[in-house]
Amino acid sequence: MALTGLMWYGFLVGHLAGNLTLLSGDSGAAFDEYAGFLESIPQFIIPTELILLLALALHVYCAVSLSREAAAARPIGYRQLRSVGGRSVASRSMIWSGLLILVFLGVHIFTFKYGDRIDGSLFRLVQETFGHAIWAGFYLIVMVALGLHLWHALRSAFQTLGLSARPTLRRLSIAFCTIIAGGFALIPATMFLGG
Amino acid sequence: MSDRTHVGCGCQRGASHEGAGHGGAAVHVDERRVNVMSVRLRVWRQKHAGDKGGFVEYDAGRLTPDMSFLEMLDVVNEDLQRDGDEPIAFDSDCREGICGACSLVIDGVPHGPGQGVTTCQVYMRNFSDGATITIEPWRAQAFPVVRDLIVDRSAFDRIIGAGGYNSTNTGSATDANSALISQAQAEEAFDAAACIGCGACVATCKNASAMLFVAAKVKHLNILPQGQPERRQRTVAMLKAMDDEGFGHCTNEYECEAVCPKEISVEHIAFLNREYLRAQVLSSGMRPVITEA
Ligand code: HEM
Ligand code: SF4
Ligand code: FES
C-alpha cells in the first residue's frame with residue numbers, strides 16, 4: 001500500500017513541475033515544447049507508464065481488500081462512536097477520495113492524452129477545456145480530494161514503513177500535500193480566470 | 001466476576017479476586033446529606049451470544065457525583081434485582097485500573113470521559129445531572145458479545161500465546177545482574193508493558209485493528225536481552241495471530257492512543273512495523289527459533 005502509493009508521489013512531483021509551464025504566460029510555447037520532449041523519449045515514458053499502472057492496480061486492489069477487511073472486522077457497529085484522537089476528514093475518507101482519484105485518472109487521460117489537440121497544440125486543448133466552468137470546477141474538487149488523500153497517506157506511509165509518527169513528519173505531510181494539490185489546483189483556476 | 005484468563009496482562013493478582021464482583025461495592029446514600037443526582041441510561045442488552053440484542057433505557061436515581069461509574073451500575077442492578085429483573089452484565093475485577101477487565105463504550109468513547117483512565121476510574125461527576133448516557137459493549141468480530149456488555153477477549157490471550165513469551169534456562173536462577181539493561185531501555189520496555197490488555201484500542205479503531213496491543217506486547221520483549229532468542233519469530237507470529245483472529249489492519253488514525261488507559265504511544269506501532277520489515281528482510285523470520293537447553 002505504502003510503496004505503491006509512494007511511487008505515485010514521484011510521478012505527481014514530476015507531473016506538477018512540468019505542468020506549471022502552462023502558466024508561463026507564453027501562449028503555451030514552453031508547455032508544448034515540454035510535451036513534445038516527453039513524446040520524443042518513448043523508451044523512457046512507456047516503461048514508466050507501465051510501472052505506474054501496475055503500482056496503481058496493486059494499490060487499488062490493496063485498498064479495496066483493506067476496506068472490506070475493516071468492514072468484516074466490525075460487522076455490528078456502534079450506535080455512537082466519537083473521535084477523541086487523530087481521526088480526520090482525510091483519514092476517514094481514504095477509500096472515497098481514492099476512488100474519486102481513480103475515476104478522475106480515467107477522465108483525465110481520456111481528455112488530455114487521447115483528446116483532439118487544437119491545431120496540434122496540447123496547450124490550446126488544455127486552455128479550451130479549462131475555459132469551461134464545469135471542467136475547471138471538476139478539477140478543483142478532485143484536487144481537494146487528492147490533497148486530503150495525500151495528506152493522510154503520507155503520514156500513514158511514514159508510520160507503515162516504520163519511521164516515526166511524530167509531529168515533524170505530520171507537519172511535513174501537510175506542507176508537501178498542500179504544495180502538490182495547491183499547485184495542481186492553481187492551473188485550472190488561473191486558466192479559467194485568465195481565459 | 002470476570003472469567004478472563006490473565007495471560008501476560010500485567011495483573012499481579014492470582015486467580016481469585018475476592019469480593020470484587022458485581023455489587024461488591026454497593027453504596028448506600030443518605031439522601032438528606034449528599035448531593036443527589038440522576039441520569040438516564042441507554043444500555044445494550046443481549047441475553048446470549050446468539051441473541052439479537054437491543055438498547056433498553058433505565059432511569060438511575062439515588063446517585064452521587066462521587067460514585068464511580070461502575071458503582072452507579074451496581075445501584076441500578078440492585079434495583080433491577082429487587083424488582084426480579086435480570087441485572088445488567090458487565091465485566092469488572094480490580095476496580096482500580098490495573099486488571100483490564102472493565103470495558104464499556106460510554107457515550108461513544110471506550111472507557112468514557114477522561115484521559116488515561118479505565119471504565120472503573122470514571123466518576124459520576126463527569127456527567128451532568130439528568131444526562132442521558134449510552135453504554136455499549138466493545139464491538140469487533142474478534143470480541144463476540146457473551147452477554148449484555150461483556151465480550152469475549154480470549155482472542156488477545158491467543159495472540160499472547162503465539163509469541164508473548166521468552167526462553168529461560170531451567171535450573172538454578174541466573175544472577176539478576178547478568179543481563180545489563182540501561183535505565184532508558186528499561187523505561188521504554190515498562191511503557192510498553194503497561195498495557196493491561198483491555199481492548200479499548202480495538203474498540204475505538206475504525207478497522208477494529210489490534211495493532212496497538214500487539215505493538216505493546218511485542219515491544220516490551222523485543223527490546224530486552226531476554227526477548228532476543230524469539231525476536232523475529234515473535235513479531236511474525238503475533239501479527240499473524242492478530243490477522244487470524246479477524247482483527248482489521250491499521251490505517252494509522254491514532255484513535256487507539258487517545259483512548260488507551262495506559263496511554264500506550266503509537267510510536268510502538270512504528271516500532272512494530274520496523275520489526276516486521278526487519279523480520280522479513282532477515283530470511284529466518286518465518287522459521288521458529290528453537291534454542292537448545
Ligand atoms: C495519485 C494517486 C495516489 C497516491 C499518490 C496514493 C498514495 C497513497 C499512499 C502513500 C498511501 C499510504 C499507505 C500506507 O500508509 O500504508 C495510500 C493509502 C490508501 N489509498 Fe492511495 N494513492 C493514490 C490513489 C488511490 C486510489 C486511486 C485509490 C482507490 C481505491 C486509493 C485508495 C487508498 C486507500 C483506501 C488507502 C489506505 C487506507 C488508509 O490509510 O485509510 N488511493 N495512498
Ligand atoms: S494498548 Fe491500551 S487500549 Fe490497547 S489493550 Fe493495551 S491498555 Fe488497552
Ligand atoms: S476493573 Fe480492573 S481495570 Fe477496571
# chains A, B, ... in the order shown; residues from 1 in each chain; ligands from 1
>>> residues_around(residues="B:Leu212", least_positions_apart="6", cutoff="12 Å", atoms="only C-alpha atoms", output="PyMOL selection string")
chain B and resi 156+192-205+218-219+239+242+247-260+262-273
>>> interface_residues(of="chain A", to="chain B", cutoff="12 Å", atoms="only C-alpha atoms", output="PyMOL selection string")
chain A and resi 1-2+62-63+65-95+152-167+170
>>> write_last_selection(atoms="N, CA and C atoms", output="compact mmCIF listing (two decimals), in the first residue's frame")
# COMPACT_ATOMS: atom_id res chain seq x y z
N MET A 1 0.84 -1.21 0.00
CA MET A 1 0.00 0.00 0.00
C MET A 1 0.88 1.26 0.00
N ALA A 2 1.77 1.30 0.99
CA ALA A 2 2.62 2.49 1.13
C ALA A 2 3.57 2.61 -0.06
N CYS A 62 -5.22 -3.48 -3.00
CA CYS A 62 -5.00 -3.47 -1.54
C CYS A 62 -6.04 -2.60 -0.84
N ALA A 63 -6.34 -1.46 -1.46
CA ALA A 63 -7.28 -0.52 -0.84
C ALA A 63 -8.65 -1.16 -0.67
N SER A 65 -9.35 -4.41 -0.65
CA SER A 65 -9.38 -5.50 0.33
C SER A 65 -9.25 -4.98 1.76
N LEU A 66 -8.47 -3.91 1.96
CA LEU A 66 -8.38 -3.30 3.30
C LEU A 66 -9.76 -2.86 3.79
N SER A 67 -10.48 -2.17 2.92
CA SER A 67 -11.80 -1.66 3.33
C SER A 67 -12.75 -2.81 3.64
N ARG A 68 -12.65 -3.87 2.83
CA ARG A 68 -13.55 -4.99 3.07
C ARG A 68 -13.18 -5.71 4.36
N GLU A 69 -11.88 -5.83 4.63
CA GLU A 69 -11.47 -6.48 5.88
C GLU A 69 -11.90 -5.66 7.08
N ALA A 70 -11.81 -4.34 6.94
CA ALA A 70 -12.22 -3.48 8.05
C ALA A 70 -13.70 -3.66 8.33
N ALA A 71 -14.50 -3.75 7.27
CA ALA A 71 -15.94 -3.93 7.46
C ALA A 71 -16.22 -5.28 8.10
N ALA A 72 -15.46 -6.30 7.71
CA ALA A 72 -15.67 -7.64 8.27
C ALA A 72 -15.22 -7.70 9.73
N ALA A 73 -14.23 -6.87 10.09
CA ALA A 73 -13.71 -6.90 11.45
C ALA A 73 -14.70 -6.28 12.45
N ARG A 74 -15.66 -5.51 11.96
CA ARG A 74 -16.70 -4.98 12.86
C ARG A 74 -18.05 -5.09 12.18
N PRO A 75 -18.64 -6.27 12.17
CA PRO A 75 -19.92 -6.45 11.47
C PRO A 75 -21.06 -5.68 12.13
N ILE A 76 -21.03 -5.57 13.46
CA ILE A 76 -22.08 -4.81 14.15
C ILE A 76 -21.45 -3.52 14.65
N GLY A 77 -21.95 -2.40 14.17
CA GLY A 77 -21.34 -1.11 14.51
C GLY A 77 -21.88 -0.55 15.81
N TYR A 78 -21.40 0.63 16.15
CA TYR A 78 -21.86 1.31 17.35
C TYR A 78 -23.06 2.18 17.04
N ARG A 79 -23.84 2.43 18.07
CA ARG A 79 -24.89 3.43 17.93
C ARG A 79 -24.21 4.81 17.91
N GLN A 80 -23.14 4.89 18.65
CA GLN A 80 -22.44 6.16 18.79
C GLN A 80 -20.95 5.87 18.92
N LEU A 81 -20.13 6.48 18.08
CA LEU A 81 -18.68 6.33 18.24
C LEU A 81 -18.06 7.70 18.00
N ARG A 82 -17.42 8.22 19.03
CA ARG A 82 -16.88 9.56 18.94
C ARG A 82 -15.38 9.53 18.76
N SER A 83 -14.85 10.46 17.99
CA SER A 83 -13.41 10.54 17.81
C SER A 83 -12.81 11.38 18.93
N VAL A 84 -11.78 10.86 19.58
CA VAL A 84 -11.07 11.65 20.57
C VAL A 84 -9.59 11.73 20.21
N GLY A 85 -9.23 11.13 19.08
CA GLY A 85 -7.81 11.08 18.73
C GLY A 85 -7.54 11.70 17.38
N GLY A 86 -6.77 10.99 16.56
CA GLY A 86 -6.25 11.57 15.33
C GLY A 86 -7.13 11.42 14.10
N ARG A 87 -8.36 10.95 14.26
CA ARG A 87 -9.21 10.78 13.07
C ARG A 87 -9.42 12.13 12.40
N SER A 88 -9.37 12.15 11.07
CA SER A 88 -9.57 13.41 10.35
C SER A 88 -10.48 13.15 9.16
N VAL A 89 -10.94 14.22 8.53
CA VAL A 89 -11.75 14.06 7.32
C VAL A 89 -10.99 13.19 6.34
N ALA A 90 -9.67 13.44 6.28
CA ALA A 90 -8.84 12.73 5.31
C ALA A 90 -8.76 11.25 5.63
N SER A 91 -8.48 10.92 6.91
CA SER A 91 -8.26 9.52 7.25
C SER A 91 -9.56 8.72 7.15
N ARG A 92 -10.67 9.38 7.41
CA ARG A 92 -11.96 8.71 7.36
C ARG A 92 -12.37 8.39 5.93
N SER A 93 -11.93 9.21 4.99
CA SER A 93 -12.49 9.11 3.64
C SER A 93 -11.49 8.59 2.62
N MET A 94 -10.43 7.91 3.06
CA MET A 94 -9.40 7.47 2.13
C MET A 94 -9.95 6.69 0.94
N ILE A 95 -10.86 5.76 1.21
CA ILE A 95 -11.34 4.93 0.10
C ILE A 95 -12.16 5.79 -0.89
N HIS A 152 -3.27 12.30 4.47
CA HIS A 152 -3.28 11.15 5.38
C HIS A 152 -2.30 10.08 4.90
N ALA A 153 -2.23 9.92 3.56
CA ALA A 153 -1.40 8.84 3.02
C ALA A 153 0.07 9.01 3.40
N LEU A 154 0.55 10.23 3.34
CA LEU A 154 1.98 10.42 3.57
C LEU A 154 2.35 10.15 5.03
N ARG A 155 1.57 10.71 5.95
CA ARG A 155 1.93 10.47 7.35
C ARG A 155 1.69 9.00 7.69
N SER A 156 0.68 8.41 7.06
CA SER A 156 0.40 7.00 7.28
C SER A 156 1.55 6.14 6.76
N ALA A 157 2.07 6.52 5.60
CA ALA A 157 3.16 5.74 5.00
C ALA A 157 4.43 5.82 5.86
N PHE A 158 4.69 6.99 6.44
CA PHE A 158 5.85 7.10 7.35
C PHE A 158 5.74 6.06 8.46
N GLN A 159 4.53 5.94 9.00
CA GLN A 159 4.31 5.01 10.11
C GLN A 159 4.38 3.56 9.62
N THR A 160 3.74 3.28 8.47
CA THR A 160 3.74 1.91 7.95
C THR A 160 5.16 1.43 7.69
N LEU A 161 5.99 2.33 7.19
CA LEU A 161 7.35 1.93 6.86
C LEU A 161 8.27 1.94 8.08
N GLY A 162 7.68 2.14 9.25
CA GLY A 162 8.45 2.00 10.47
C GLY A 162 9.18 3.27 10.89
N LEU A 163 8.93 4.37 10.18
CA LEU A 163 9.51 5.63 10.64
C LEU A 163 8.57 6.17 11.71
N SER A 164 8.92 7.29 12.24
CA SER A 164 8.16 7.79 13.37
C SER A 164 6.81 8.36 12.97
N ALA A 165 5.99 8.60 13.97
CA ALA A 165 4.67 9.19 13.76
C ALA A 165 4.61 10.59 14.35
N ARG A 166 5.76 11.13 14.64
CA ARG A 166 5.80 12.36 15.42
C ARG A 166 5.46 13.63 14.64
N PRO A 167 5.12 14.72 15.34
CA PRO A 167 4.62 15.94 14.73
C PRO A 167 5.43 16.48 13.55
N ARG A 170 4.32 14.71 10.61
CA ARG A 170 2.93 15.05 10.30
C ARG A 170 2.87 16.41 9.62
>>> residues_around(residues="A:Ile51", least_positions_apart="4", cutoff="12 Å", atoms="only C-alpha atoms", output="PyMOL selection string")
chain A and resi 4+7-8+11+44-47+55-58
>>> write_last_selection(atoms="N, CA and C atoms", output="mmCIF file, in the first residue's frame")
data_model
loop_
_atom_site.group_PDB
_atom_site.id
_atom_site.type_symbol
_atom_site.label_atom_id
_atom_site.label_comp_id
_atom_site.auth_asym_id
_atom_site.auth_seq_id
_atom_site.Cartn_x
_atom_site.Cartn_y
_atom_site.Cartn_z
ATOM 1 N N THR A 4 3.413 1.302 -3.169
ATOM 2 C CA THR A 4 2.757 1.605 -4.443
ATOM 3 C C THR A 4 2.288 3.052 -4.462
ATOM 4 N N MET A 7 5.221 5.556 -4.987
ATOM 5 C CA MET A 7 5.711 5.658 -6.357
ATOM 6 C C MET A 7 4.954 6.761 -7.099
ATOM 7 N N TRP A 8 3.654 6.856 -6.772
ATOM 8 C CA TRP A 8 2.866 7.901 -7.421
ATOM 9 C C TRP A 8 3.233 9.299 -6.938
ATOM 10 N N PHE A 11 5.696 10.510 -9.332
ATOM 11 C CA PHE A 11 5.066 10.962 -10.559
ATOM 12 C C PHE A 11 4.430 12.339 -10.376
ATOM 13 N N PHE A 44 11.658 5.873 -22.430
ATOM 14 C CA PHE A 44 11.597 6.172 -21.011
ATOM 15 C C PHE A 44 10.135 6.220 -20.527
ATOM 16 N N ILE A 45 9.284 6.861 -21.346
ATOM 17 C CA ILE A 45 7.900 7.103 -20.931
ATOM 18 C C ILE A 45 7.077 5.822 -20.816
ATOM 19 N N ILE A 46 7.221 4.938 -21.799
ATOM 20 C CA ILE A 46 6.346 3.756 -21.787
ATOM 21 C C ILE A 46 6.617 2.830 -20.595
ATOM 22 N N PRO A 47 7.872 2.489 -20.292
ATOM 23 C CA PRO A 47 8.096 1.686 -19.078
ATOM 24 C C PRO A 47 7.579 2.390 -17.813
ATOM 25 N N ALA A 55 1.563 -0.314 -10.335
ATOM 26 C CA ALA A 55 1.517 0.144 -8.942
ATOM 27 C C ALA A 55 0.095 0.554 -8.577
ATOM 28 N N LEU A 56 -0.573 1.247 -9.499
ATOM 29 C CA LEU A 56 -1.931 1.705 -9.220
ATOM 30 C C LEU A 56 -2.875 0.514 -9.047
ATOM 31 N N ALA A 57 -2.727 -0.474 -9.928
ATOM 32 C CA ALA A 57 -3.593 -1.648 -9.835
ATOM 33 C C ALA A 57 -3.412 -2.333 -8.481
ATOM 34 N N LEU A 58 -2.161 -2.492 -8.062
ATOM 35 C CA LEU A 58 -1.885 -3.118 -6.766
ATOM 36 C C LEU A 58 -2.465 -2.276 -5.630
#
>>> atom_distance(atom1="atom CA of B:Ala89", atom2="atom CA of B:Val145")
10.9 Å
>>> select_by_dssp(residues="stretch 20-154 of chain B", states="alpha helix (DSSP H)", output="ChimeraX atom specification")
/B:69-82,154
>>> decode(residues="stretch 135-169 of chain B", atoms="N, CA and C atoms", output="short mmCIF file (atom, residue, chain, number, x, y, z; two decimals), in the first residue's frame")
data_model
loop_
_atom_site.label_atom_id
_atom_site.label_comp_id
_atom_site.auth_asym_id
_atom_site.auth_seq_id
_atom_site.Cartn_x
_atom_site.Cartn_y
_atom_site.Cartn_z
N ILE B 135 -24.50 3.30 26.79
CA ILE B 135 -23.46 2.31 27.17
C ILE B 135 -23.52 1.13 26.21
N GLU B 136 -22.39 0.87 25.53
CA GLU B 136 -22.32 -0.23 24.57
C GLU B 136 -21.12 -1.12 24.87
N PRO B 137 -21.17 -2.36 24.40
CA PRO B 137 -20.00 -3.24 24.57
C PRO B 137 -18.94 -2.91 23.52
N TRP B 138 -17.71 -3.40 23.69
CA TRP B 138 -16.69 -3.33 22.63
C TRP B 138 -17.32 -4.00 21.41
N ARG B 139 -17.08 -3.43 20.24
CA ARG B 139 -17.63 -4.03 19.02
C ARG B 139 -16.51 -4.48 18.09
N ALA B 140 -16.37 -5.77 17.91
CA ALA B 140 -15.40 -6.31 16.96
C ALA B 140 -15.77 -7.76 16.71
N GLN B 141 -15.53 -8.19 15.48
CA GLN B 141 -15.77 -9.58 15.13
C GLN B 141 -14.99 -10.51 16.07
N ALA B 142 -13.76 -10.08 16.42
CA ALA B 142 -12.90 -10.92 17.24
C ALA B 142 -13.27 -10.88 18.73
N PHE B 143 -14.16 -9.97 19.11
CA PHE B 143 -14.61 -9.86 20.50
C PHE B 143 -16.12 -10.10 20.57
N PRO B 144 -16.58 -11.33 20.39
CA PRO B 144 -18.04 -11.55 20.36
C PRO B 144 -18.68 -11.25 21.72
N VAL B 145 -19.90 -10.72 21.67
CA VAL B 145 -20.61 -10.43 22.92
C VAL B 145 -21.01 -11.75 23.57
N VAL B 146 -20.72 -11.86 24.87
CA VAL B 146 -21.11 -13.05 25.62
C VAL B 146 -22.49 -12.81 26.21
N ARG B 147 -22.65 -11.62 26.78
CA ARG B 147 -23.93 -11.24 27.37
C ARG B 147 -23.89 -9.73 27.64
N ASP B 148 -24.97 -9.04 27.33
CA ASP B 148 -25.08 -7.59 27.56
C ASP B 148 -23.79 -6.84 27.15
N LEU B 149 -23.03 -6.40 28.18
CA LEU B 149 -21.87 -5.56 27.91
C LEU B 149 -20.56 -6.33 28.03
N ILE B 150 -20.67 -7.64 28.20
CA ILE B 150 -19.46 -8.47 28.35
C ILE B 150 -19.09 -9.08 27.00
N VAL B 151 -17.83 -8.89 26.61
CA VAL B 151 -17.36 -9.52 25.37
C VAL B 151 -16.25 -10.52 25.71
N ASP B 152 -16.06 -11.45 24.81
CA ASP B 152 -15.04 -12.48 24.97
C ASP B 152 -13.74 -11.98 24.35
N ARG B 153 -12.75 -11.69 25.18
CA ARG B 153 -11.48 -11.16 24.68
C ARG B 153 -10.38 -12.21 24.66
N SER B 154 -10.78 -13.48 24.60
CA SER B 154 -9.74 -14.52 24.62
C SER B 154 -8.88 -14.49 23.36
N ALA B 155 -9.35 -13.78 22.31
CA ALA B 155 -8.50 -13.61 21.12
C ALA B 155 -7.16 -12.99 21.52
N PHE B 156 -7.17 -12.07 22.47
CA PHE B 156 -5.92 -11.45 22.94
C PHE B 156 -5.02 -12.49 23.60
N ASP B 157 -5.62 -13.39 24.36
CA ASP B 157 -4.81 -14.42 25.02
C ASP B 157 -4.15 -15.31 23.98
N ARG B 158 -4.87 -15.58 22.89
CA ARG B 158 -4.28 -16.44 21.85
C ARG B 158 -3.14 -15.70 21.13
N ILE B 159 -3.29 -14.38 20.95
CA ILE B 159 -2.18 -13.62 20.35
C ILE B 159 -0.96 -13.68 21.26
N ILE B 160 -1.18 -13.50 22.57
CA ILE B 160 -0.07 -13.61 23.52
C ILE B 160 0.55 -15.00 23.43
N GLY B 161 -0.31 -16.01 23.37
CA GLY B 161 0.18 -17.39 23.30
C GLY B 161 1.06 -17.63 22.08
N ALA B 162 0.81 -16.86 21.01
CA ALA B 162 1.57 -17.07 19.78
C ALA B 162 3.01 -16.56 19.87
N GLY B 163 3.30 -15.70 20.85
CA GLY B 163 4.68 -15.19 20.88
C GLY B 163 5.04 -14.35 22.09
N GLY B 164 4.11 -14.15 22.98
CA GLY B 164 4.38 -13.27 24.13
C GLY B 164 5.07 -13.98 25.27
N TYR B 165 6.13 -14.68 24.95
CA TYR B 165 6.87 -15.40 25.99
C TYR B 165 8.35 -15.34 25.63
N ASN B 166 9.21 -15.77 26.54
CA ASN B 166 10.62 -15.85 26.19
C ASN B 166 11.24 -17.09 26.79
N SER B 167 12.33 -17.54 26.20
CA SER B 167 13.00 -18.75 26.67
C SER B 167 13.81 -18.44 27.92
N THR B 168 13.76 -19.32 28.87
CA THR B 168 14.63 -19.16 30.03
C THR B 168 15.27 -20.51 30.32
N ASN B 169 16.43 -20.45 30.93
CA ASN B 169 17.06 -21.70 31.36
C ASN B 169 16.35 -22.19 32.61
#
